[in-house]
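This is data-v9.txt (compact mmCIF, C-alpha atoms).
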```
# COMPACT_ATOMS: atom_id res chain seq x y z
CA MET R 176 270.79 118.51 204.97
CA PRO R 177 274.58 118.77 205.33
CA ARG R 178 276.73 121.47 203.78
CA VAL R 179 280.17 120.49 202.50
CA GLY R 180 283.07 122.72 201.47
CA VAL R 181 285.25 121.83 198.47
CA LEU R 182 288.52 123.72 198.24
CA GLY R 183 289.93 123.51 194.72
CA LEU R 184 287.88 123.05 191.55
CA GLY R 185 290.43 121.32 189.36
CA ALA R 186 290.05 117.89 187.78
CA VAL R 187 289.18 116.27 191.12
CA GLY R 188 287.31 119.02 192.98
CA ALA R 189 284.74 119.60 190.24
CA GLN R 190 283.94 115.88 190.09
CA VAL R 191 283.67 115.65 193.88
CA THR R 192 281.13 118.47 193.82
CA ARG R 193 279.07 116.79 191.09
CA GLN R 194 279.07 113.46 192.91
CA LEU R 195 278.00 114.90 196.25
CA LEU R 196 275.10 116.72 194.62
CA ALA R 197 274.14 113.79 192.39
CA THR R 198 273.93 111.29 195.25
CA GLY R 199 271.78 113.61 197.32
CA ALA R 200 274.22 113.30 200.23
CA VAL R 201 274.35 117.06 200.69
CA ASP R 202 272.05 120.01 200.30
CA GLU R 203 274.73 122.51 199.37
CA VAL R 204 278.40 122.48 198.30
CA VAL R 205 280.41 125.59 199.10
CA VAL R 206 283.30 125.88 196.62
CA SER R 207 286.48 127.93 196.49
CA ASP R 208 289.55 128.14 194.23
CA VAL R 209 292.51 130.47 193.97
CA ASP R 210 291.83 130.79 190.23
CA GLN R 211 288.87 133.17 190.22
CA ARG R 212 288.18 132.70 186.52
CA ARG R 213 288.00 128.94 186.88
CA LEU R 214 285.95 129.28 190.06
CA SER R 215 283.31 131.41 188.32
CA SER R 216 283.04 129.24 185.22
CA ARG R 217 283.03 125.91 187.08
CA ALA R 218 280.52 127.09 189.67
CA GLU R 219 278.17 128.16 186.87
CA GLU R 220 278.61 124.80 185.11
CA LEU R 221 277.90 122.86 188.31
CA GLY R 222 274.55 124.60 188.65
CA PRO R 223 272.07 124.62 191.56
CA GLY R 224 273.29 123.59 194.97
CA VAL R 225 276.69 125.26 194.55
CA THR R 226 277.66 128.40 196.47
CA VAL R 227 280.89 130.28 195.86
CA ALA R 228 282.87 131.13 199.00
CA ALA R 229 284.34 134.59 199.35
CA SER R 230 287.92 133.44 199.92
CA GLY R 231 289.34 130.00 200.61
CA LEU R 232 286.38 128.87 202.74
CA ASP R 233 287.44 131.40 205.36
CA GLY R 234 285.38 131.05 208.48
CA LEU R 235 284.08 127.57 207.57
CA ASP R 236 280.78 128.66 209.08
CA GLY R 237 278.08 126.03 209.01
CA LEU R 238 280.05 123.38 207.13
CA ASP R 239 279.71 119.72 208.09
CA ALA R 240 282.84 118.51 206.21
CA VAL R 241 285.61 119.89 204.01
CA ALA R 242 287.24 118.22 200.98
CA LEU R 243 290.71 119.56 200.17
CA CYS R 244 291.23 119.12 196.42
CA THR R 245 293.88 121.78 195.79
CA PRO R 246 297.35 120.86 194.46
CA ALA R 247 299.71 119.20 196.94
CA GLY R 248 301.43 121.68 199.23
CA HIS R 249 298.30 123.67 200.09
CA HIS R 250 296.44 121.32 202.43
CA LEU R 251 297.95 121.71 205.87
CA GLU R 252 296.74 125.20 206.82
CA PRO R 253 293.08 124.71 205.80
CA ALA R 254 293.15 121.33 207.56
CA ARG R 255 294.36 123.02 210.75
CA ARG R 256 291.57 125.60 210.53
CA ALA R 257 288.97 122.91 209.95
CA VAL R 258 290.18 120.90 212.94
CA LEU R 259 290.03 124.02 215.09
CA ALA R 260 286.41 124.45 213.96
CA ARG R 261 285.68 120.75 214.70
CA ILE R 262 284.96 120.00 211.01
CA PRO R 263 286.01 116.67 209.44
CA VAL R 264 288.59 117.00 206.66
CA VAL R 265 289.32 114.78 203.65
CA SER R 266 292.57 115.50 201.76
CA ILE R 267 293.73 114.17 198.39
CA SER R 268 297.36 115.29 198.81
CA ASP R 269 299.85 112.50 198.10
CA ARG R 270 303.04 114.46 198.79
CA PRO R 271 304.82 112.51 201.57
CA SER R 272 305.94 115.55 203.56
CA GLU R 273 302.43 116.99 203.56
CA VAL R 274 300.77 113.67 204.36
CA ARG R 275 303.13 113.28 207.31
CA SER R 276 302.21 116.78 208.51
CA LEU R 277 298.49 116.05 208.18
CA LEU R 278 298.92 112.90 210.25
CA THR R 279 300.55 114.94 213.02
CA LEU R 280 297.17 116.67 213.46
CA GLY R 281 295.85 113.44 214.97
CA ALA R 282 296.16 114.43 218.64
CA ARG R 283 294.61 117.84 218.01
CA ALA R 284 291.76 116.30 215.99
CA ALA R 285 291.12 113.76 218.76
CA ARG R 286 290.85 116.53 221.34
CA ARG R 287 288.41 118.42 219.11
CA GLY R 288 286.38 115.29 218.37
CA THR R 289 286.87 115.33 214.60
CA TRP R 290 288.70 113.52 211.80
CA VAL R 291 291.46 114.23 209.27
CA ILE R 292 291.41 111.62 206.48
CA ALA R 293 294.73 111.94 204.65
CA ALA R 294 295.79 110.73 201.19
CA ALA R 295 292.25 109.83 200.07
CA GLY R 296 292.92 109.53 196.35
CA PHE R 297 293.62 106.74 193.86
CA SER R 298 296.98 105.76 195.34
CA PRO R 299 297.17 106.22 198.26
CA GLY R 300 293.45 105.81 198.79
CA VAL R 301 291.80 103.12 196.70
CA SER R 302 295.07 101.17 196.97
CA CYS R 303 294.82 101.27 200.78
CA LEU R 304 291.30 99.82 200.74
CA LEU R 305 292.51 97.04 198.41
CA ALA R 306 295.32 96.24 200.85
CA ARG R 307 292.85 96.01 203.75
CA TRP R 308 290.49 93.85 201.70
CA LEU R 309 293.28 91.45 200.64
CA ALA R 310 294.66 91.27 204.18
CA ARG R 311 291.43 89.82 205.55
CA GLU R 312 292.51 86.38 204.26
CA PHE R 313 295.78 86.33 206.23
CA ASP R 314 296.59 85.49 209.82
CA VAL R 315 299.77 87.58 209.55
CA VAL R 316 300.63 90.22 206.91
CA ASP R 317 304.36 90.30 206.17
CA GLU R 318 304.63 92.57 203.12
CA ILE R 319 302.57 95.06 201.10
CA HIS R 320 303.75 96.32 197.72
CA VAL R 321 301.87 99.03 195.83
CA ALA R 322 302.38 100.16 192.23
CA LYS R 323 300.52 102.87 190.37
CA ASP R 324 300.28 104.05 186.78
CA GLY R 325 298.94 107.25 185.25
CA THR R 326 298.18 110.81 186.30
CA GLY R 327 295.06 112.90 186.70
CA GLY R 328 294.99 116.63 186.03
CA PRO R 329 297.96 119.00 185.59
CA ALA R 330 298.69 119.22 189.34
CA CYS R 331 298.84 115.42 189.55
CA ALA R 332 301.22 115.28 186.57
CA ARG R 333 303.54 117.81 188.19
CA GLN R 334 303.54 115.85 191.45
CA HIS R 335 304.36 112.67 189.47
CA HIS R 336 307.30 114.51 187.89
CA ARG R 337 308.60 115.69 191.28
CA ALA R 338 308.12 112.30 192.93
CA LEU R 339 310.24 110.44 190.40
CA LYS R 340 313.37 112.48 191.19
CA SER R 341 312.91 112.38 194.98
CA PRO R 342 313.88 109.58 197.40
CA SER R 343 311.34 106.89 198.16
CA LEU R 344 310.03 106.28 201.67
CA ASP R 345 309.65 102.57 202.48
CA TRP R 346 309.00 100.64 205.67
CA ARG R 347 311.59 97.87 206.08
CA ASP R 348 312.18 95.70 209.13
CA GLY R 349 310.89 98.18 211.68
CA GLU R 350 312.36 101.41 210.32
CA TRP R 351 311.90 103.96 207.57
CA THR R 352 314.36 103.74 204.69
CA ARG R 353 315.03 106.00 201.73
CA ARG R 354 316.25 104.95 198.29
CA PRO R 355 317.02 107.09 195.22
CA GLY R 356 314.00 108.02 193.13
CA GLY R 357 313.99 106.36 189.73
CA SER R 358 315.84 103.28 190.99
CA GLY R 359 314.68 99.72 191.64
CA ARG R 360 312.95 98.96 188.36
CA GLU R 361 310.25 96.29 188.58
CA LEU R 362 307.84 95.10 185.91
CA ALA R 363 304.30 95.33 187.30
CA TRP R 364 301.23 93.81 185.68
CA PHE R 365 298.20 96.06 186.02
CA PRO R 366 294.63 95.22 185.04
CA GLU R 367 293.74 95.78 181.37
CA PRO R 368 293.89 98.02 179.44
CA VAL R 369 297.03 99.28 181.21
CA SER R 370 298.76 95.88 181.23
CA ALA R 371 302.52 95.74 182.01
CA ALA R 372 304.65 98.75 182.94
CA ASP R 373 308.10 99.30 184.41
CA CYS R 374 307.79 100.86 187.87
CA TYR R 375 310.40 102.67 189.96
CA ARG R 376 310.95 103.99 193.46
CA ALA R 377 309.63 107.51 194.00
CA ALA R 378 308.50 109.89 196.73
CA LEU R 379 305.16 108.22 197.44
CA ALA R 380 303.05 108.38 200.60
CA ASP R 381 301.50 104.89 200.59
CA ALA R 382 303.71 103.47 203.32
CA LEU R 383 302.98 106.43 205.62
CA VAL R 384 299.26 105.66 205.76
CA LEU R 385 299.53 101.86 205.57
CA GLN R 386 302.16 101.28 208.25
CA PRO R 387 299.98 102.43 211.21
CA VAL R 388 297.35 99.88 210.15
CA PHE R 389 299.83 97.08 209.37
CA SER R 390 302.35 97.76 212.13
CA ASP R 391 303.61 94.15 212.14
CA ALA R 392 304.44 94.10 208.42
CA ARG R 393 308.15 93.79 207.65
CA ARG R 394 308.04 95.63 204.33
CA ILE R 395 305.70 98.23 202.81
CA THR R 396 306.81 99.74 199.51
CA ALA R 397 305.36 101.75 196.63
CA ARG R 398 306.49 102.28 193.06
CA LEU R 399 305.47 104.53 190.19
CA SER R 400 305.33 103.63 186.49
CA ALA R 401 307.57 105.70 184.25
CA SER R 402 308.86 105.69 180.70
CA ARG R 403 312.52 106.07 179.82
CA GLN R 404 311.84 109.71 178.94
CA ASP R 405 310.14 110.27 182.31
CA ARG R 406 313.23 109.04 184.13
CA PHE R 407 315.76 110.93 182.04
CA THR R 408 313.87 114.24 182.23
CA SER R 409 312.75 114.03 185.87
CA TRP R 410 315.60 116.33 186.92
CA LEU R 411 314.52 119.00 184.44
CA PRO R 412 311.48 121.27 184.42
CA MET R 413 308.53 119.68 182.63
CA LEU R 414 309.34 120.00 178.92
CA THR R 415 305.72 120.23 177.80
CA PRO R 416 302.63 121.48 179.66
CA PRO R 417 300.71 118.61 181.28
CA HIS R 418 297.44 117.41 179.75
CA ALA R 419 294.15 118.49 181.25
CA ASP R 420 293.59 114.82 182.10
CA GLY R 421 296.10 111.99 181.80
CA GLY R 422 293.63 109.31 180.69
CA VAL R 423 293.24 105.82 182.10
CA GLY R 424 295.46 104.79 185.03
CA ALA R 425 295.71 101.83 187.38
CA VAL R 426 296.82 100.65 190.80
CA ARG R 427 298.18 97.25 191.78
CA VAL R 428 298.43 95.96 195.36
CA GLU R 429 300.30 92.81 196.37
CA VAL R 430 299.96 91.46 199.91
CA ARG R 431 302.17 88.65 201.19
CA GLY R 432 301.58 86.86 204.45
CA ARG R 433 300.79 83.63 206.26
CA ARG R 434 297.60 81.70 206.79
CA GLU R 435 297.53 78.54 208.89
CA GLY R 436 301.32 78.46 208.71
CA MET R 437 301.43 78.63 204.90
CA HIS R 438 302.99 81.53 202.99
CA GLN R 439 300.56 83.08 200.50
CA THR R 440 300.41 86.03 198.11
CA ARG R 441 297.30 87.86 196.92
CA VAL R 442 297.12 90.60 194.30
CA ALA R 443 294.34 93.01 193.34
CA GLY R 444 294.11 96.10 191.19
CA GLY R 445 291.89 98.89 190.00
CA VAL R 446 291.49 100.78 186.71
CA ALA R 447 290.01 104.24 186.21
CA THR R 448 290.88 107.74 185.17
CA PRO R 449 292.95 108.82 188.21
CA SER R 450 291.03 112.06 188.71
CA THR R 451 287.72 110.18 188.60
CA ALA R 452 289.00 107.56 191.03
CA ALA R 453 290.26 110.22 193.44
CA ALA R 454 286.95 112.10 193.26
CA ALA R 455 285.02 108.89 193.91
CA MET R 456 287.25 108.12 196.90
CA VAL R 457 286.74 111.59 198.38
CA GLY R 458 282.99 111.48 197.77
CA VAL R 459 282.59 108.07 199.41
CA VAL R 460 284.66 109.09 202.45
CA VAL R 461 282.81 112.40 202.88
CA GLU R 462 279.48 110.59 202.74
CA ARG R 463 280.73 108.06 205.30
CA LEU R 464 281.71 110.91 207.63
CA LEU R 465 278.30 112.54 207.24
CA ALA R 466 276.19 109.41 207.68
CA SER R 467 274.46 109.31 211.04
CA ASP R 468 274.70 105.51 211.24
CA ALA R 469 278.32 105.22 210.01
CA ILE R 470 280.82 103.23 212.09
CA LEU R 471 283.88 105.46 212.35
CA PRO R 472 287.24 105.05 214.11
CA MET R 473 287.93 107.21 217.13
CA PRO R 474 288.61 110.84 216.11
CA GLY R 475 292.13 111.49 214.87
CA ALA R 476 294.17 111.64 211.66
CA PHE R 477 294.79 108.60 209.44
CA GLY R 478 294.41 107.19 205.94
CA VAL R 479 291.37 105.44 204.51
CA ALA R 480 292.80 102.00 205.35
CA LYS R 481 291.67 102.58 208.94
CA LEU R 482 288.01 103.01 207.99
CA ALA R 483 285.66 100.15 208.83
CA ASP R 484 284.33 97.70 206.23
CA PRO R 485 286.69 98.26 203.27
CA GLY R 486 284.64 95.82 201.22
CA ALA R 487 281.56 98.05 201.41
CA LEU R 488 283.62 101.10 200.44
CA LEU R 489 285.10 99.23 197.46
CA ARG R 490 281.62 98.24 196.30
CA GLU R 491 280.58 101.89 196.42
CA LEU R 492 283.67 102.86 194.42
CA ARG R 493 282.91 100.21 191.82
CA GLY R 494 279.47 101.76 191.42
CA ARG R 495 281.16 105.09 190.63
CA GLY R 496 283.20 103.85 187.68
CA ILE R 497 286.27 102.15 189.15
CA THR R 498 286.97 98.66 187.75
CA LEU R 499 288.31 96.40 190.52
CA GLN R 500 289.90 93.01 189.90
CA GLU R 501 291.71 90.32 191.83
CA PHE R 502 294.52 88.43 190.10
CA VAL R 503 293.77 84.73 190.43
CA GLY R 504 296.30 82.04 189.46
CA LEU R 505 295.43 78.75 187.81
CA GLY R 506 296.59 76.77 190.84
CA LEU R 507 298.36 74.15 188.71
```

Final structure tokens representation of the file:
Amino acid sequence: MPRVGVLGLGAVGAQVTRQLLATGAVDEVVVSDVDQRRLSSRAEELGPGVTVAASGLDGLDGLDAVALCTPAGHHLEPARRAVLARIPVVSISDRPSEVRSLLTLGARAARRGTWVIAAAGFSPGVSCLLARWLAREFDVVDEIHVAKDGTGGPACARQHHRALKSPSLDWRDGEWTRRPGGSGRELAWFPEPVSAADCYRAALADALVLQPVFSDARRITARLSASRQDRFTSWLPMLTPPHADGGVGAVRVEVRGRREGMHQTRVAGGVATPSTAAAAMVGVVVERLLASDAILPMPGAFGVAKLADPGALLRELRGRGITLQEFVGLGL
């Protein structure tokens, strides 16, 4: 049976470990975390099948895949080491600069015959699969617009805080454009119970992983929900410590395009606790990489939107607690 390494036992990493063991996809999960106290307590809670690594999965000996679940900013170096060892990597980092760096490992991963799956979380991640699934109905995809609401654990909340004050990265008419973070307010309707929320430009990585798949699209954008307090305090240090878990969140994906010469728009969304959704996404991707009969793209580095059969992946995610919905108009 396969052995998988999980680096980081925060809100996402612990759930990834539980899922991999619960589904029987692996025989052993090797875990590591910079917080030794948390590592010891979580490893004991997770029970049989969990082995504690000496230090940061150094050596990577005997592992069949690695899930990087540490806070953003700590994924590139372990990903490089895994590629060197010809071990597939799945990363949850959604920091644009880091996602871009992970994608640059593509040529090296291809030479080593392995994969780097970047930004495999709630958004980007589940949102990318929804975009692929919606796009199947179009002859030509012109625009993709992503919005997300909510945060997972403390590291996710801090990244949300940083993203809101940093410039956005959008794909517009064949080039990358940047706009001030916190600008461009749009009211987005998410699935219940999240409902409506004002969303703003922010430093989000969705366009980075969607554009290679939808290279003909004219516009690919992403926005983040935020309260008035979020916007006004984004330039300050976080005023209160983040919650251990931010509660229920949601993603919304709108795809615009043409079918048989007619312009159409389709919208879908997902609801879940963001940390649970990210863990489910990582677990599903790791299991896809380990499956002997899985149809995988050629080795390289890319987001989950490039994986085959997004519908099957979405069905698996739905079975792990993510509510998925398509917005359907009355057609009057």

Which residues are near region 283-290 of chain R? Cut-off 10 Å, only C-alpha atoms, ignore same chain within fewer than 2 positions. Put them as a compact mmCIF listing (two decimals) with C-alpha atoms, in the frame of the given file.
```
# COMPACT_ATOMS: atom_id res chain seq x y z
CA ALA R 240 282.84 118.51 206.21
CA ALA R 254 293.15 121.33 207.56
CA ARG R 255 294.36 123.02 210.75
CA ALA R 257 288.97 122.91 209.95
CA VAL R 258 290.18 120.90 212.94
CA LEU R 259 290.03 124.02 215.09
CA ALA R 260 286.41 124.45 213.96
CA ARG R 261 285.68 120.75 214.70
CA ILE R 262 284.96 120.00 211.01
CA PRO R 263 286.01 116.67 209.44
CA VAL R 264 288.59 117.00 206.66
CA VAL R 265 289.32 114.78 203.65
CA LEU R 278 298.92 112.90 210.25
CA THR R 279 300.55 114.94 213.02
CA LEU R 280 297.17 116.67 213.46
CA GLY R 281 295.85 113.44 214.97
CA ILE R 292 291.41 111.62 206.48
CA ALA R 293 294.73 111.94 204.65
CA LEU R 464 281.71 110.91 207.63
CA LEU R 471 283.88 105.46 212.35
CA PRO R 472 287.24 105.05 214.11
CA MET R 473 287.93 107.21 217.13
CA PRO R 474 288.61 110.84 216.11
CA GLY R 475 292.13 111.49 214.87
CA ALA R 476 294.17 111.64 211.66
CA PHE R 477 294.79 108.60 209.44
```

Between R:Ser302, R:Thr498, R:Ser400, R:Thr326, single out the one closest to Tyr375 (chain R), counting only C-alpha atoms.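 Ranking R:Ser302, R:Thr498, R:Ser400, R:Thr326 by distance to Tyr375 (chain R), first place goes to R:Ser400.
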
Take CA of His336 (chain R) and CA of Gly296 (chain R) and report the distance between them in Å, one decimal.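 So the answer is 17.4 Å.
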
Within 10 Å of Gly183 (chain R), counting all atoms listed in the file, which residues qualify if same-chain residues fewer than 3 places away don't, as a list of chain:residue names? R:Gly180, R:Ala186, R:Val187, R:Gly188, R:Ala189, R:Val206, R:Ser207, R:Asp208, R:Val209, R:Asp210, R:Arg213, R:Leu214, R:Gly231, R:Ala242, R:Leu243, R:Cys244, R:Thr245, R:Pro246, R:His249

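Using only C-alpha atoms, the shortest contact distance between Ala401 (chain R) and any of R:Gly224, R:Gly436, R:Gly327, R:Gly357 is found at R:Gly357.
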
Using all atoms listed in the file, which of the listed residues (R:Pro223, R:Gly359, R:Gly248, R:Gly424) sits closest to Ala397 (chain R)? R:Gly359

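Taking all atoms listed in the file, the non-local environment of Gly325 (chain R) within 10 Å (same-chain residues fewer than 6 positions away omitted) comprises Cys331, Ala332, His335, Val369, Leu399, Ser400, Ala401, Asp420, Gly421, Gly422, Val423, Gly424, Ala425, Val426, Val446, Ala447, Thr448, Pro449 and Ser450 of chain R.
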
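The residue that comes closest to Ala453 (chain R), out of R:Asp269, R:Glu350, R:Glu203, R:Asp373 and on the basis of only C-alpha atoms, is R:Asp269.
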
Which of R:Ser467, R:Ser215, R:Ser266, R:Thr396 sits closest to Trp351 (chain R) [using all atoms listed in the file]: R:Thr396

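For the atom pair formed by CA of Ser343 (chain R) and CA of Ala322 (chain R), the distance is 12.7 Å, given to one decimal.
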